[in-house]
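Student: Structure below; questions to follow.
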Amino acid sequence: MTQLALVIDLNVCVGCSACVTSCKEWNTSSEGGGGMVDKNPYGKDPTGTFFNRVQTFEVGEYPNVETVHFPKSCLHCEDPPCVPVCPTGASYKRKEDGIVLVDYDKCIGCKYCSWACPYGAREIDEKQKVMKKCTLCVDRIYDTSLREDRRKPACVLACPTSARLFGDVHDPMSAVSVAINERGGYQLMPEWGTRPSNHYLPRRKMKSQVTEESLNRIDNPLKKEEQRAPVSSDLPSLDDFLF
Amino acid sequence: MHPAFSVIFLTTLIGAGQGLFLALYTGQVYNTFGVVGDVMPPQPLYIAGTVIVTLLMALGLFASFFHLGRPERAWRAATMWRTSWLAREVIVLPAFAGTAFLWGALHYFGIDPVVFTTGTVEVKLTLLVGLVAGVLAFLLYVCTGMIYAAIKFIQEWATPLTIVNYTLLGLASGFSLAAALSAYYCSSLVDAYALWALVFTLVGFVSRIFALRRNGRLKYKSTACTAIGVRHPKITQISQGAMGGSFNTREFFHHKTPQFMQAIKVFFLIMAFIVPVTLVVIGWSNQFALVLLAAALIQYVGLLAERWFFFAQANHPQNLYYQAT
């Protein structure tokens with residue numbers, strides 16, 4: 001069974017929001033999606049639909065502080081709580097690749113699925129009045145008119161630091177599975193048993209351990225002389241015996 | 001959560017409608033089995049009551065449409081009844097309203113043949129139709145409550161107390177209304193209705209206090225640590241990726257001060273429980289229909305506030321991602 005997903009490397013994400021803008025661009029201009037509507041884009045309180053956002057968190061307290069840029073989109077849970085609650089069946093999980101999608105023609109805009117998502121991954125489209133969410137760019141990853149290396153979600157292609165990996169997390173040999181295994185990839189809010197398919201790779205601390213011992217070797221032969229006992233003028237020296 | 005008035009009106013109106021029907025049917029059962037001594041079955045009470053039940057259900061349904069983005073597709077909402085409590089509610093609501101209407105219509109047209117006789121009691125057709133409607137009324141309480149109780153990560157809602165409260169508060173408002181109605185029609189059922197209205201209001205008060213106490217001591221399972229997967233006691237959000245607000249900031253938080261929340265809590269405890277109990281006792285002891293009606297209406301206003309608080313108090317874990325712009 002295939003489960004397509006994103007793996008997001010928090011170690012290299014710089015928070016540039018290229019994934020956000022490319023997502024918005026692709027899903028607004030692609031056919032069939034109906035766009036992602038904005039309200040007052042140039043006015044006082046601009047707001048709009050987004051499938052993906054980069055949030056920023058500060059971990060710790062100055063001076064021991066670290067900034068974490070945290071891209072968040074639909075996690076395409078293996079046990080998605082948003083799907084069974086949908087009264088119309090508009091919200092569904094595809095059997096063939098595990099993508100959680102909304103059928104815009106069936107959705108009645110009751111917002112119940114957004115209540116049932118602990119991650120806040122779903123947003124109502126204020127124009128179409130239906131629920132929208134990340135589709136993993138389902139309209140481009142299977143598009144055979146594209147070059148094979150371009151058949152990836154727009155956010156993955158846009159990321160300048162390659163912080164976003166895309167692949168089948170059920171295939172143990174895939175690049176995403178290897179990354180999850182080798183680098184301790186984790187899921188968000190594991191306490192609710194939703195088993196998100198998207199994983200996050202944690203920060204890696206690049207600290208070298210330098211101890212006093214490794215700088216000053218106790219048995220350093222070059223420093224042997226410094227360890228000689230202090231010479232006292234009362235004691236006979238070697239010269240007294242030689243002459 | 002952001003309390004949507006469409007849902008507040010829906011749940012309180014249909015709750016009262018179900019309660020009123022259950023009261024009417026209780027009256028019929030009492031009359032049939034000789035618990036109360038009405039000489040003639042209070043047909044005008046049944047008919048007027050059914051009209052009000054139908055009106056309440058229709059108003060509730062009407063209010064619910066304002067919650068939908070695409071109301072013209074509402075019929076689709078009945079399809080996923082196998083998994084969705086919302087779909088189950090969408091099916092049970094019209095089923096109950098229809099059966100309750102049928103019960104009233106049978107009374108109105110006098111189509112009420114004796115189906116069978118047990119001992120000296122004649123079991124009539126309306127008694128059986130009413131039984132079906134009564135069961136559906138209870139099912140509808142369960143469906144409405146489960147819509148909220150089934151979302152396990154909204155911990156304020158994920159408790160059996162949610163269903164108990166929806167049932168008890170619906171019954172309380174319905175029986176209060178029935179007490180006023182029966183006093184207006186000078187039915188001897190007023191004693192039973194007023195007594196049940198008091199019982200349901202007081203038991204509802206106790207169970208609502210239990211729910212408030214439970215929610216006050218709630219320990220949230222999700223924290224900023226589990227939300228972003230970084231283990232540190234101090235995690236501060238500095239940006240949420242949008243400065244002008246989004247669906248996430250509008251739908252999941254009430255944007256009111258804690259003082260306002262506290263005021264609403266005190267308000268609903270007084271208006272939905274304390275004032276109605278007092279007025280029902282006064283109205284009942286003086287057989288004063290107007291006071292009983294005031295009790296029912298004030299209780300309804302109190303329940304609107306109660307439902308607002310129910311929604312506003314629920315803390316959705318997604319708010320962990322929206323702590324700061």
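Convention: chains lettered A, B, ... in structure tokens order; per-chain residue numbering from 1; ligands numbered from 1 as shown.
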Counting only C-alpha atoms, a student should be able to say which residues of chain B come within 6 Å of chain A; what is the right answer, written as a list in words?
Tutor: Leu68, Gly69, Arg70, Arg73, Arg76, Ala77, Thr79, Met80, Thr83, Ser84, Leu86, Ala87, Ile151, Thr226, Ala227, Lys234, Ile235, Thr236, Gln237, Ile238, Ser239, Gln240, Gly241, Gly244, Ser246, Phe247, Pro317 and Gln318 of chain B
Student: Restrict the selected residues to C-alpha atoms and save them as a compact mmCIF listing (two decimals), in the first residue's frame.
Tutor:
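What landed in result_19.txt:
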```txt
# COMPACT_ATOMS: atom_id res chain seq x y z
CA LEU B 68 -23.83 25.61 6.05
CA GLY B 69 -21.74 27.10 3.30
CA ARG B 70 -23.74 25.24 0.67
CA ARG B 73 -26.59 20.44 -0.90
CA ARG B 76 -26.24 14.97 0.99
CA ALA B 77 -25.64 15.21 4.72
CA THR B 79 -25.38 9.75 3.35
CA MET B 80 -22.59 8.92 5.80
CA THR B 83 -19.64 6.86 10.57
CA SER B 84 -20.85 10.40 11.20
CA LEU B 86 -23.86 14.60 12.23
CA ALA B 87 -25.35 12.49 9.44
CA ILE B 151 -14.39 14.73 19.04
CA THR B 226 3.66 17.72 21.24
CA ALA B 227 2.32 20.26 18.74
CA LYS B 234 9.47 27.09 27.26
CA ILE B 235 8.19 27.35 23.70
CA THR B 236 6.91 30.73 22.54
CA GLN B 237 5.26 31.33 19.22
CA ILE B 238 6.47 34.44 17.44
CA SER B 239 4.72 34.09 14.09
CA GLN B 240 1.75 32.10 12.80
CA GLY B 241 2.38 32.65 9.13
CA GLY B 244 -4.39 39.46 9.07
CA SER B 246 -7.24 33.33 9.12
CA PHE B 247 -9.96 30.72 9.33
CA PRO B 317 -5.74 21.89 20.28
CA GLN B 318 -5.16 23.66 16.96
```
Student: Step one, run DSSP on the backbone; step two, keep only residues of region 84-287 of chain B assigned to strand (DSSP E or B); then write them as number ranges by chain.
Tutor: B: 114-118, 121-124, 235-239
Student: Considering only C-alpha atoms, can you say which of A:Asn220, A:Thr28, A:Thr135, A:Thr161 comes closest to Val12 (chain A)?
Tutor: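 So, comparing all the options, the nearest one is A:Thr161.
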Student: Can you work out which one of B:Leu93, B:Ala294, B:Ala179, B:Val121 has the shortest atom-to-atom distance to Gly17 (chain B), counting only C-alpha atoms?
Tutor: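 Among B:Leu93, B:Ala294, B:Ala179, B:Val121, it is B:Leu93 that comes nearest to Gly17 (chain B).
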Student: Tell me which protein, DNA and RNA residues are within 9 Å of Ile111 (chain B), counting only C-alpha atoms, leaving out same-chain ones fewer than 5 positions away, and put them as a PyMOL selection string.
Tutor: chain B and resi 105-106+125-126
Student: Could you dump the residues just selected with N, CA and C atoms as an mmCIF file, in the first residue's frame?
Tutor:
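again.cif written:
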```cif
data_model
loop_
_atom_site.group_PDB
_atom_site.id
_atom_site.type_symbol
_atom_site.label_atom_id
_atom_site.label_comp_id
_atom_site.auth_asym_id
_atom_site.auth_seq_id
_atom_site.Cartn_x
_atom_site.Cartn_y
_atom_site.Cartn_z
ATOM 1 N N ALA B 105 -51.294 14.997 14.339
ATOM 2 C CA ALA B 105 -52.303 14.966 13.274
ATOM 3 C C ALA B 105 -53.357 13.899 13.563
ATOM 4 N N LEU B 106 -52.901 12.740 14.065
ATOM 5 C CA LEU B 106 -53.850 11.670 14.392
ATOM 6 C C LEU B 106 -54.827 12.145 15.468
ATOM 7 N N LEU B 125 -53.781 3.783 18.801
ATOM 8 C CA LEU B 125 -52.772 3.979 17.758
ATOM 9 C C LEU B 125 -51.812 5.108 18.131
ATOM 10 N N THR B 126 -52.352 6.236 18.633
ATOM 11 C CA THR B 126 -51.491 7.388 18.946
ATOM 12 C C THR B 126 -50.482 7.044 20.028
#
```
Student: What is the distance, in Å and to one decimal place, between CA of Val138 (chain A) and CA of Ile180 (chain A)?
Tutor: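 Computing it gives 22.7 Å between the two atoms.
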Student: May I ask which of the residues A:Gly193, A:Pro236, A:Gly98, A:Pro153 is the closest one to Cys23 (chain A), counting only C-alpha atoms?
Tutor: A:Pro153
Student: Would you kindly return, as a list in words, each protein, DNA or RNA residue with an atom no farther than 8 Å from any atom of Val92 (chain B), considering only C-alpha atoms and excluding same-chain residues fewer than 6 positions away?
Tutor: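 Surrounding residues, per the criterion: Leu136, Leu139 and Leu140 of chain B.
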Student: Take the selection from the previous step and output its residues with C-alpha atoms, as a CSV table (one decimal), in the first residue's frame.
Tutor:
```
chain,number,residue,atom,x,y,z
B,136,LEU,CA,-36.6,9.0,18.3
B,139,LEU,CA,-32.1,9.2,20.0
B,140,LEU,CA,-31.9,12.7,18.7
```
Student: Record the distance separating CA of Ser222 (chain B) and CA of Glu182 (chain A), expressed in Å with one decimal.
Tutor: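 Between CA of Ser222 (chain B) and CA of Glu182 (chain A) the gap is 26.3 Å.
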Student: Under the rule that only C-alpha atoms are counted, which of B:Arg88, B:Thr11, B:Gly19, B:Lys152 is the nearest residue to Leu61 (chain B)?
Tutor: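 Ranking B:Arg88, B:Thr11, B:Gly19, B:Lys152 by distance to Leu61 (chain B), first place goes to B:Thr11.
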Student: Would you return as a PyMOL selection string the members of region 129-316 of chain B that DSSP assigns to alpha helix (DSSP H) on this structure's backbone?
Tutor: chain B and resi 129-149+160-184+190-216+224-228+247-251+258-269+275-286+289-313
Student: With only C-alpha atoms as the atoms that count, which of B:Pro42, B:Pro276, B:Pro71, B:Pro258 lies nearest to Tyr108 (chain B)?
Tutor: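 Under the stated criterion, the closest residue is B:Pro42.
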